[in-house]
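S.K.: Dropping the structure in here first, questions after.
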Amino acid sequence: MPAQLSAVFRRLGGAIRDFTVAQRTVAIIGVAVLALGTAALTMWATQPSYTPLYSGLSGSDANTIVEQLRTDGVSYQLSDGGATILVPEADVYDERLKAAAAGLPSASTGGYSLLDNMGVTASEFQQSVTYKRALEGELASTIEAMKGVQTASVRLAIPEATVFTEETADPTASVFVATQNGVSLNADQVQAIVHLTSASIDGMAPTDVAVIDASGVVLSAVGVGATGSAGQQAGDYEERVRSSVQAMLDKVVGTGNATVVVAADVSTEAAQRVEESFTAPEGTPALNEAVTTESYSGSGGTAAGVLGADTAATGDAATDGTFTSEDTTRNNAINKVTETRTIPAGAINRQTVSVAVNADVADGLNVGNITSLVSSAAGIDVARGDAVTVEVVSFNAAGADAAQAALAEAAAAEAAERNAGILRVGLIVAGTVVAFVLGLIVYARRSRRQSRESIELSELVQAQSSLDPPTVPFALQQPMAPLVIDPMPTRAYALPDGDQRLADIDALALRDPQSTAEMLRGLMDDRHPA
């Protein structure tokens, strides 16, 4: 190893040995933090990017695929409760090919593929059941393709066709939907599921489909439709009317100066009504017409007729005995209209709207105008029995003040928590910075001390001439003994008068014997190369 590098390592080792306990602790913590940061950065940089291998897997398929990944030595991650498997991006295609070769994933909802496995000896009942299962599987797989839907199950109730009944029941369907975590179906998605299911089955109406989510909430009920039960319909209607009226009053009297309550009486009955109407078109010729004419000629007497109870003749009398009769039969075209109407539950029987206006802002307001505005905004029907009530009252500000105080207190608590978090981070950063600065200060002081010692030891360089070898070579009787310096001298050696440089060297050796020995060794190594 070169002498300069050796000297650097020696000085570094000496500096470390001179550290105090606190300095060594700080140095060890700094090295450990640096090592951990480097390891974490290396692990993060070398970590592969994961991509989904399969999603929406059943438990058995997920277990089989995981066993295959373990056999192949491929790292994997599970998400969505084990339904999704993620693997490194570089291995996704190879693992998909291996899974496909093994027939994975094997779980399936069936669909029309069930009909491919049906034998020729299947009975009519088996064919009917298999066909219904195929329809259910196809509908379930189609619904699962919707955004946010994780799994879906469809059950169909299709009545059997028979000739012994005049009227047959309508088919119905039940759809169970499980959404992904944090996802809920909106009204448009529920409508899409209802219409998709009803349009897939012959004779099924949208009101014949029931949709239930994983929480047990009825999203669409049979006989009601996708709007939900009558209670839900009433709540939705009341909220919609209240929001409309409230938005209008906020513009008129100001925000918080009016409150609106809507009560709606919603019908819970569902019915089906069939009407037939007939009309005769004007100016249209008859479809067919038949005219029958009968005539009789005789000589005197009374024309024959129908006798009544008193056996009197009821025919027309004629002096000459002549009788004429004409009968016309005409079939005219008639317009026939048959209307079948389904009346779902949720019709509004009656509604009332109550409005309270703050008396502090009611000066200059016309209550009649406010009532007219509310009636128009709420769609009040007087013939139906709807009513609107507008009253000017004094609002109780205690609740508002308490709410404002609670909001202010919550905001203050949130700000205090945020400031505490900032303070904690600041203290951690400040502690780290202070420790780093202290380390720099300690290092700088040691560097300055080493610089001063180097300057003091530079006096030895001035005395180098006294240590130069003699110009005239001479033979040594015995090898030179190694230089030994007492690390803890107790007295100074007497020197000849006038040799000030040797006195300075002696004083320096007394003050710092270790540095003096290192300097002397360096000088001897320079003067006596190996």
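Residues are referred to by chain and number: the chain letter is A, B, ... according to the order shown in the structure tokens, the number counts from 1 in that chain, and ligands are numbered separately from 1 in the order shown.
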Please identify which residues in region 193-263 of chain A DSSP calls alpha helix (DSSP H) from the backbone, and express them as number ranges by chain.
M.R.: A: 193-200, 230-253
S.K.: Quick one: residues within 6 Å of region 111-125 of chain A, only C-alpha atoms, excluding same-chain residues fewer than 5 positions away - as a PyMOL selection string?
M.R.: chain A and resi 134+137-138
S.K.: Nearest to Arg96 (chain A): which of A:Gly346, A:Pro52, A:Gly385, A:Pro159 is it, counting only C-alpha atoms?
M.R.: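 Closest candidate: A:Pro52.
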S.K.: Quick one: DSSP strand (DSSP E) residues in region 212-434 of chain A, as number ranges by chain?
M.R.: A: 212-213, 218-220, 258-266, 271-279, 288-296, 323-331, 335-343, 348-358, 387-393
